[in-house]
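Coordinates from protein12.pdb are shown below (PDB, N, CA and C atoms).
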ATOM      1  N   MET A  66       2.407 -11.344  21.997
ATOM      2  CA  MET A  66       3.141 -10.138  21.696
ATOM      3  C   MET A  66       4.273 -10.496  20.739
ATOM      4  N   GLN A  67       4.394  -9.736  19.683
ATOM      5  CA  GLN A  67       5.425  -9.980  18.675
ATOM      6  C   GLN A  67       6.732  -9.293  19.065
ATOM      7  N   THR A  68       7.441  -9.914  20.002
ATOM      8  CA  THR A  68       8.648  -9.290  20.561
ATOM      9  C   THR A  68       9.784  -9.169  19.556
ATOM     10  N   LYS A  69       9.895 -10.116  18.638
ATOM     11  CA  LYS A  69      10.940 -10.024  17.614
ATOM     12  C   LYS A  69      10.694  -8.813  16.714
ATOM     13  N   LEU A  70       9.458  -8.609  16.327
ATOM     14  CA  LEU A  70       9.112  -7.460  15.485
ATOM     15  C   LEU A  70       9.354  -6.161  16.238
ATOM     16  N   ILE A  71       8.967  -6.121  17.490
ATOM     17  CA  ILE A  71       9.183  -4.912  18.303
ATOM     18  C   ILE A  71      10.674  -4.593  18.380
ATOM     19  N   SER A  72      11.488  -5.607  18.582
ATOM     20  CA  SER A  72      12.933  -5.411  18.651
ATOM     21  C   SER A  72      13.483  -4.860  17.330
ATOM     22  N   LEU A  73      13.036  -5.430  16.211
ATOM     23  CA  LEU A  73      13.456  -4.932  14.900
ATOM     24  C   LEU A  73      13.013  -3.487  14.688
ATOM     25  N   MET A  74      11.801  -3.192  15.082
ATOM     26  CA  MET A  74      11.304  -1.821  14.952
ATOM     27  C   MET A  74      12.179  -0.864  15.759
ATOM     28  N   ASN A  75      12.521  -1.249  16.982
ATOM     29  CA  ASN A  75      13.383  -0.414  17.822
ATOM     30  C   ASN A  75      14.759  -0.238  17.191
ATOM     31  N   ASP A  76      15.318  -1.325  16.665
ATOM     32  CA  ASP A  76      16.633  -1.261  16.029
ATOM     33  C   ASP A  76      16.658  -0.306  14.833
ATOM     34  N   HIS A  77      15.524  -0.207  14.140
ATOM     35  CA  HIS A  77      15.429   0.644  12.952
ATOM     36  C   HIS A  77      14.720   1.975  13.231
ATOM     37  N   ASN A  78      14.473   2.256  14.493
ATOM     38  CA  ASN A  78      13.793   3.502  14.876
ATOM     39  C   ASN A  78      12.435   3.670  14.187
ATOM     40  N   LEU A  79      11.679   2.599  14.101
ATOM     41  CA  LEU A  79      10.374   2.627  13.455
ATOM     42  C   LEU A  79       9.270   2.619  14.496
ATOM     43  N   LYS A  80       8.217   3.335  14.207
ATOM     44  CA  LYS A  80       7.031   3.397  15.062
ATOM     45  C   LYS A  80       5.894   2.637  14.382
ATOM     46  N   ASN A  81       4.813   2.458  15.115
ATOM     47  CA  ASN A  81       3.626   1.796  14.546
ATOM     48  C   ASN A  81       3.154   2.490  13.274
ATOM     49  N   LYS A  82       3.239   3.826  13.245
ATOM     50  CA  LYS A  82       2.774   4.551  12.055
ATOM     51  C   LYS A  82       3.612   4.203  10.830
ATOM     52  N   ASP A  83       4.917   3.931  11.038
ATOM     53  CA  ASP A  83       5.776   3.553   9.919
ATOM     54  C   ASP A  83       5.398   2.173   9.380
ATOM     55  N   ILE A  84       5.150   1.249  10.294
ATOM     56  CA  ILE A  84       4.727  -0.095   9.887
ATOM     57  C   ILE A  84       3.357  -0.026   9.205
ATOM     58  N   ALA A  85       2.480   0.815   9.722
ATOM     59  CA  ALA A  85       1.152   0.986   9.118
ATOM     60  C   ALA A  85       1.283   1.474   7.677
ATOM     61  N   ARG A  86       2.195   2.393   7.454
ATOM     62  CA  ARG A  86       2.408   2.926   6.102
ATOM     63  C   ARG A  86       2.954   1.832   5.181
ATOM     64  N   ILE A  87       3.887   1.036   5.681
ATOM     65  CA  ILE A  87       4.471  -0.048   4.879
ATOM     66  C   ILE A  87       3.405  -1.072   4.499
ATOM     67  N   LEU A  88       2.519  -1.387   5.441
ATOM     68  CA  LEU A  88       1.507  -2.424   5.215
ATOM     69  C   LEU A  88       0.193  -1.887   4.653
ATOM     70  N   ALA A  89       0.073  -0.571   4.578
ATOM     71  CA  ALA A  89      -1.165   0.068   4.111
ATOM     72  C   ALA A  89      -2.364  -0.332   4.972
ATOM     73  N   ILE A  90      -2.150  -0.284   6.305
ATOM     74  CA  ILE A  90      -3.220  -0.518   7.260
ATOM     75  C   ILE A  90      -3.162   0.591   8.305
ATOM     76  N   SER A  91      -4.118   0.618   9.210
ATOM     77  CA  SER A  91      -4.154   1.677  10.218
ATOM     78  C   SER A  91      -3.161   1.399  11.344
ATOM     79  N   GLU A  92      -2.771   2.464  12.033
ATOM     80  CA  GLU A  92      -1.907   2.321  13.206
ATOM     81  C   GLU A  92      -2.568   1.443  14.262
ATOM     82  N   LYS A  93      -3.872   1.592  14.406
ATOM     83  CA  LYS A  93      -4.609   0.790  15.385
ATOM     84  C   LYS A  93      -4.479  -0.700  15.062
ATOM     85  N   GLN A  94      -4.612  -1.040  13.779
ATOM     86  CA  GLN A  94      -4.474  -2.442  13.371
ATOM     87  C   GLN A  94      -3.066  -2.958  13.655
ATOM     88  N   VAL A  95      -2.059  -2.131  13.408
ATOM     89  CA  VAL A  95      -0.682  -2.530  13.701
ATOM     90  C   VAL A  95      -0.542  -2.834  15.188
ATOM     91  N   GLY A  96      -1.052  -1.958  16.031
ATOM     92  CA  GLY A  96      -0.974  -2.163  17.473
ATOM     93  C   GLY A  96      -1.640  -3.458  17.903
ATOM     94  N   LEU A  97      -2.812  -3.726  17.356
ATOM     95  CA  LEU A  97      -3.524  -4.962  17.689
ATOM     96  C   LEU A  97      -2.740  -6.193  17.243
ATOM     97  N   LYS A  98      -2.135  -6.105  16.075
ATOM     98  CA  LYS A  98      -1.375  -7.236  15.546
ATOM     99  C   LYS A  98      -0.103  -7.460  16.355
ATOM    100  N   ILE A  99       0.588  -6.395  16.710
ATOM    101  CA  ILE A  99       1.819  -6.528  17.491
ATOM    102  C   ILE A  99       1.520  -7.110  18.872
ATOM    103  N   ARG A 100       0.394  -6.720  19.461
ATOM    104  CA  ARG A 100       0.020  -7.240  20.785
ATOM    105  C   ARG A 100      -0.578  -8.643  20.715
ATOM    106  N   GLY A 101      -0.784  -9.161  19.511
ATOM    107  CA  GLY A 101      -1.295 -10.514  19.364
ATOM    108  C   GLY A 101      -2.807 -10.624  19.453
ATOM    109  N   LYS A 102      -3.501  -9.493  19.407
ATOM    110  CA  LYS A 102      -4.968  -9.512  19.474
ATOM    111  C   LYS A 102      -5.573  -9.887  18.132
ATOM    112  N   VAL A 103      -4.859  -9.557  17.050
ATOM    113  CA  VAL A 103      -5.294  -9.851  15.682
ATOM    114  C   VAL A 103      -4.079 -10.442  14.963
ATOM    115  N   PRO A 104      -4.248 -11.541  14.231
ATOM    116  CA  PRO A 104      -3.088 -12.135  13.554
ATOM    117  C   PRO A 104      -2.651 -11.319  12.335
ATOM    118  N   PHE A 105      -1.360 -11.355  12.047
ATOM    119  CA  PHE A 105      -0.851 -10.769  10.813
ATOM    120  C   PHE A 105      -1.283 -11.661   9.655
ATOM    121  N   LYS A 106      -1.654 -11.041   8.554
ATOM    122  CA  LYS A 106      -1.974 -11.797   7.339
ATOM    123  C   LYS A 106      -0.657 -12.230   6.694
ATOM    124  N   ASP A 107      -0.724 -13.309   5.913
ATOM    125  CA  ASP A 107       0.475 -13.794   5.219
ATOM    126  C   ASP A 107       1.125 -12.681   4.401
ATOM    127  N   ARG A 108       0.317 -11.929   3.668
ATOM    128  CA  ARG A 108       0.827 -10.847   2.829
ATOM    129  C   ARG A 108       1.602  -9.839   3.661
ATOM    130  N   GLU A 109       1.107  -9.522   4.842
ATOM    131  CA  GLU A 109       1.761  -8.548   5.719
ATOM    132  C   GLU A 109       3.085  -9.098   6.245
ATOM    133  N   MET A 110       3.090 -10.376   6.583
ATOM    134  CA  MET A 110       4.326 -10.985   7.071
ATOM    135  C   MET A 110       5.398 -11.004   5.978
ATOM    136  N   PHE A 111       5.002 -11.356   4.762
ATOM    137  CA  PHE A 111       5.954 -11.379   3.655
ATOM    138  C   PHE A 111       6.445  -9.973   3.311
ATOM    139  N   CYS A 112       5.563  -9.011   3.409
ATOM    140  CA  CYS A 112       5.927  -7.616   3.141
ATOM    141  C   CYS A 112       6.990  -7.144   4.142
ATOM    142  N   LEU A 113       6.778  -7.420   5.418
ATOM    143  CA  LEU A 113       7.749  -7.015   6.432
ATOM    144  C   LEU A 113       9.031  -7.831   6.316
ATOM    145  N   SER A 114       8.919  -9.076   5.935
ATOM    146  CA  SER A 114      10.086  -9.904   5.706
ATOM    147  C   SER A 114      10.964  -9.283   4.627
ATOM    148  N   HIS A 115      10.359  -8.854   3.554
ATOM    149  CA  HIS A 115      11.082  -8.205   2.456
ATOM    150  C   HIS A 115      11.663  -6.868   2.926
ATOM    151  N   PHE A 116      10.879  -6.086   3.636
ATOM    152  CA  PHE A 116      11.327  -4.770   4.109
ATOM    153  C   PHE A 116      12.562  -4.889   4.999
ATOM    154  N   PHE A 117      12.542  -5.812   5.951
ATOM    155  CA  PHE A 117      13.645  -5.975   6.893
ATOM    156  C   PHE A 117      14.757  -6.890   6.364
ATOM    157  N   ASN A 118      14.513  -7.511   5.197
ATOM    158  CA  ASN A 118      15.467  -8.453   4.613
ATOM    159  C   ASN A 118      15.767  -9.595   5.592
ATOM    160  N   LYS A 119      14.702 -10.135   6.164
ATOM    161  CA  LYS A 119      14.765 -11.244   7.121
ATOM    162  C   LYS A 119      13.744 -12.290   6.706
ATOM    163  N   THR A 120      13.879 -13.494   7.247
ATOM    164  CA  THR A 120      12.852 -14.503   7.000
ATOM    165  C   THR A 120      11.651 -14.210   7.896
ATOM    166  N   VAL A 121      10.528 -14.769   7.555
ATOM    167  CA  VAL A 121       9.325 -14.616   8.373
ATOM    168  C   VAL A 121       9.594 -15.139   9.783
ATOM    169  N   ASP A 122      10.291 -16.264   9.876
ATOM    170  CA  ASP A 122      10.614 -16.842  11.188
ATOM    171  C   ASP A 122      11.515 -15.936  12.017
ATOM    172  N   ASP A 123      12.347 -15.125  11.351
ATOM    173  CA  ASP A 123      13.215 -14.193  12.070
ATOM    174  C   ASP A 123      12.438 -13.038  12.687
ATOM    175  N   ILE A 124      11.238 -12.784  12.176
ATOM    176  CA  ILE A 124      10.460 -11.615  12.604
ATOM    177  C   ILE A 124       9.292 -11.988  13.506
ATOM    178  N   PHE A 125       8.611 -13.063  13.168
ATOM    179  CA  PHE A 125       7.359 -13.384  13.841
ATOM    180  C   PHE A 125       7.459 -14.620  14.713
ATOM    181  N   LEU A 126       6.862 -14.535  15.893
ATOM    182  CA  LEU A 126       6.758 -15.684  16.781
ATOM    183  C   LEU A 126       5.659 -16.604  16.294
ATOM    184  N   ASP A 127       5.840 -17.879  16.504
ATOM    185  CA  ASP A 127       4.806 -18.851  16.184
ATOM    186  C   ASP A 127       3.551 -18.499  16.970
ATOM    187  N   PRO A 128       2.374 -18.525  16.325
ATOM    188  CA  PRO A 128       1.138 -18.171  17.035
ATOM    189  C   PRO A 128       0.826 -19.072  18.226
ATOM    190  N   MET A 129       1.458 -20.262  18.295
ATOM    191  CA  MET A 129       1.246 -21.154  19.433
ATOM    192  C   MET A 129       1.938 -20.636  20.691
ATOM    193  N   TYR A 130       2.859 -19.691  20.519
ATOM    194  CA  TYR A 130       3.612 -19.162  21.651
ATOM    195  C   TYR A 130       3.022 -17.852  22.130
ATOM    196  N   GLU A 131       3.018 -17.711  23.422
ATOM    197  CA  GLU A 131       2.538 -16.484  24.041
ATOM    198  C   GLU A 131       3.462 -16.200  25.212
ATOM    199  N   ASN A 132       4.096 -15.064  25.202
ATOM    200  CA  ASN A 132       5.038 -14.693  26.267
ATOM    201  C   ASN A 132       6.137 -15.725  26.472
ATOM    202  N   GLY A 133       6.601 -16.349  25.372
ATOM    203  CA  GLY A 133       7.734 -17.258  25.453
ATOM    204  C   GLY A 133       7.416 -18.686  25.837
ATOM    205  N   THR A 134       6.151 -19.012  26.068
ATOM    206  CA  THR A 134       5.775 -20.391  26.409
ATOM    207  C   THR A 134       4.628 -20.823  25.515
ATOM    208  N   LEU A 135       4.487 -22.124  25.371
ATOM    209  CA  LEU A 135       3.356 -22.631  24.591
ATOM    210  C   LEU A 135       2.062 -22.250  25.288
ATOM    211  N   SER A 136       1.124 -21.699  24.532
ATOM    212  CA  SER A 136      -0.121 -21.218  25.134
ATOM    213  C   SER A 136      -0.912 -22.353  25.768
ATOM    214  N   ASN A 137      -0.829 -23.575  25.232
ATOM    215  CA  ASN A 137      -1.608 -24.663  25.826
ATOM    216  C   ASN A 137      -0.980 -25.177  27.117
ATOM    217  N   GLU A 138       0.285 -24.838  27.406
ATOM    218  CA  GLU A 138       0.901 -25.234  28.665
ATOM    219  C   GLU A 138       0.274 -24.502  29.855
ATOM    220  N   ARG A 139      -0.240 -23.307  29.624
ATOM    221  CA  ARG A 139      -0.869 -22.536  30.691
ATOM    222  C   ARG A 139      -2.145 -23.203  31.170
ATOM    223  N   GLU A 140      -2.779 -23.973  30.296
ATOM    224  CA  GLU A 140      -4.068 -24.578  30.635
ATOM    225  C   GLU A 140      -3.907 -25.821  31.514
ATOM    226  N   LYS A 141      -2.690 -26.339  31.617
ATOM    227  CA  LYS A 141      -2.467 -27.575  32.387
ATOM    228  C   LYS A 141      -2.472 -27.307  33.865
TER     229      LYS A 141
END
Full structure transcribed into structure tokens:
Amino acid sequence: MQTKLISLMNDHNLKNKDIARILAISEKQVGLKIRGKVPFKDREMFCLSHFFNKTVDDIFLDPMYENGTLSNEREK
């Protein structure tokens, strides 16, 4: 789950439809990407980085992390 992005969206009063419009993708795709079911493309990350005037790292969690912990730690 992209919690940093969700927080930014809340701070700016943005909904999935607004992000979909910015990225030129469907609302469904935005939802899947925010929930971590589908990865964001580099172009989409850079686009949102520019929109929010933040670095990519400020917006997106590392894909190795899931719910605040390393995903491979759950397998141990």
Test item: residues at most 12 Å from Phe117 of chain A, only C-alpha atoms, excluding those fewer than 2 positions along its chain, as a compact mmCIF listing (two decimals) with N, CA and C atoms, in the frame of the given file:
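Output (selection.txt):
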# COMPACT_ATOMS: atom_id res chain seq x y z
N LYS A 69 9.90 -10.12 18.64
CA LYS A 69 10.94 -10.02 17.61
C LYS A 69 10.69 -8.81 16.71
N LEU A 70 9.46 -8.61 16.33
CA LEU A 70 9.11 -7.46 15.48
C LEU A 70 9.35 -6.16 16.24
N SER A 72 11.49 -5.61 18.58
CA SER A 72 12.93 -5.41 18.65
C SER A 72 13.48 -4.86 17.33
N LEU A 73 13.04 -5.43 16.21
CA LEU A 73 13.46 -4.93 14.90
C LEU A 73 13.01 -3.49 14.69
N MET A 74 11.80 -3.19 15.08
CA MET A 74 11.30 -1.82 14.95
C MET A 74 12.18 -0.86 15.76
N ASP A 76 15.32 -1.32 16.66
CA ASP A 76 16.63 -1.26 16.03
C ASP A 76 16.66 -0.31 14.83
N HIS A 77 15.52 -0.21 14.14
CA HIS A 77 15.43 0.64 12.95
C HIS A 77 14.72 1.98 13.23
N LEU A 79 11.68 2.60 14.10
CA LEU A 79 10.37 2.63 13.46
C LEU A 79 9.27 2.62 14.50
N ILE A 84 5.15 1.25 10.29
CA ILE A 84 4.73 -0.10 9.89
C ILE A 84 3.36 -0.03 9.20
N ILE A 87 3.89 1.04 5.68
CA ILE A 87 4.47 -0.05 4.88
C ILE A 87 3.40 -1.07 4.50
N MET A 110 3.09 -10.38 6.58
CA MET A 110 4.33 -10.98 7.07
C MET A 110 5.40 -11.00 5.98
N PHE A 111 5.00 -11.36 4.76
CA PHE A 111 5.95 -11.38 3.66
C PHE A 111 6.44 -9.97 3.31
N CYS A 112 5.56 -9.01 3.41
CA CYS A 112 5.93 -7.62 3.14
C CYS A 112 6.99 -7.14 4.14
N LEU A 113 6.78 -7.42 5.42
CA LEU A 113 7.75 -7.02 6.43
C LEU A 113 9.03 -7.83 6.32
N SER A 114 8.92 -9.08 5.94
CA SER A 114 10.09 -9.90 5.71
C SER A 114 10.96 -9.28 4.63
N HIS A 115 10.36 -8.85 3.55
CA HIS A 115 11.08 -8.20 2.46
C HIS A 115 11.66 -6.87 2.93
N LYS A 119 14.70 -10.14 6.16
CA LYS A 119 14.76 -11.24 7.12
C LYS A 119 13.74 -12.29 6.71
N THR A 120 13.88 -13.49 7.25
CA THR A 120 12.85 -14.50 7.00
C THR A 120 11.65 -14.21 7.90
N VAL A 121 10.53 -14.77 7.56
CA VAL A 121 9.32 -14.62 8.37
C VAL A 121 9.59 -15.14 9.78
N ASP A 123 12.35 -15.12 11.35
CA ASP A 123 13.22 -14.19 12.07
C ASP A 123 12.44 -13.04 12.69
N ILE A 124 11.24 -12.78 12.18
CA ILE A 124 10.46 -11.62 12.60
C ILE A 124 9.29 -11.99 13.51
N PHE A 125 8.61 -13.06 13.17
CA PHE A 125 7.36 -13.38 13.84
C PHE A 125 7.46 -14.62 14.71
- Pull the helix (DSSP H, G or I) assignments for chain A out of DSSP run on the backbone, and list those residues as a PyMOL selection string. chain A and resi 68-76+81-88+92-99+107-117+121-124+136-138
- Message: Selection in question (the file shown): the PyMOL selection byres (((chain A and resi 105 and name CA) around 12) and name CA). Which residues does it include, as a ChimeraX atom specification?
- Response: /A:66-67,70,88,90,94-104,106-113,121,124-128
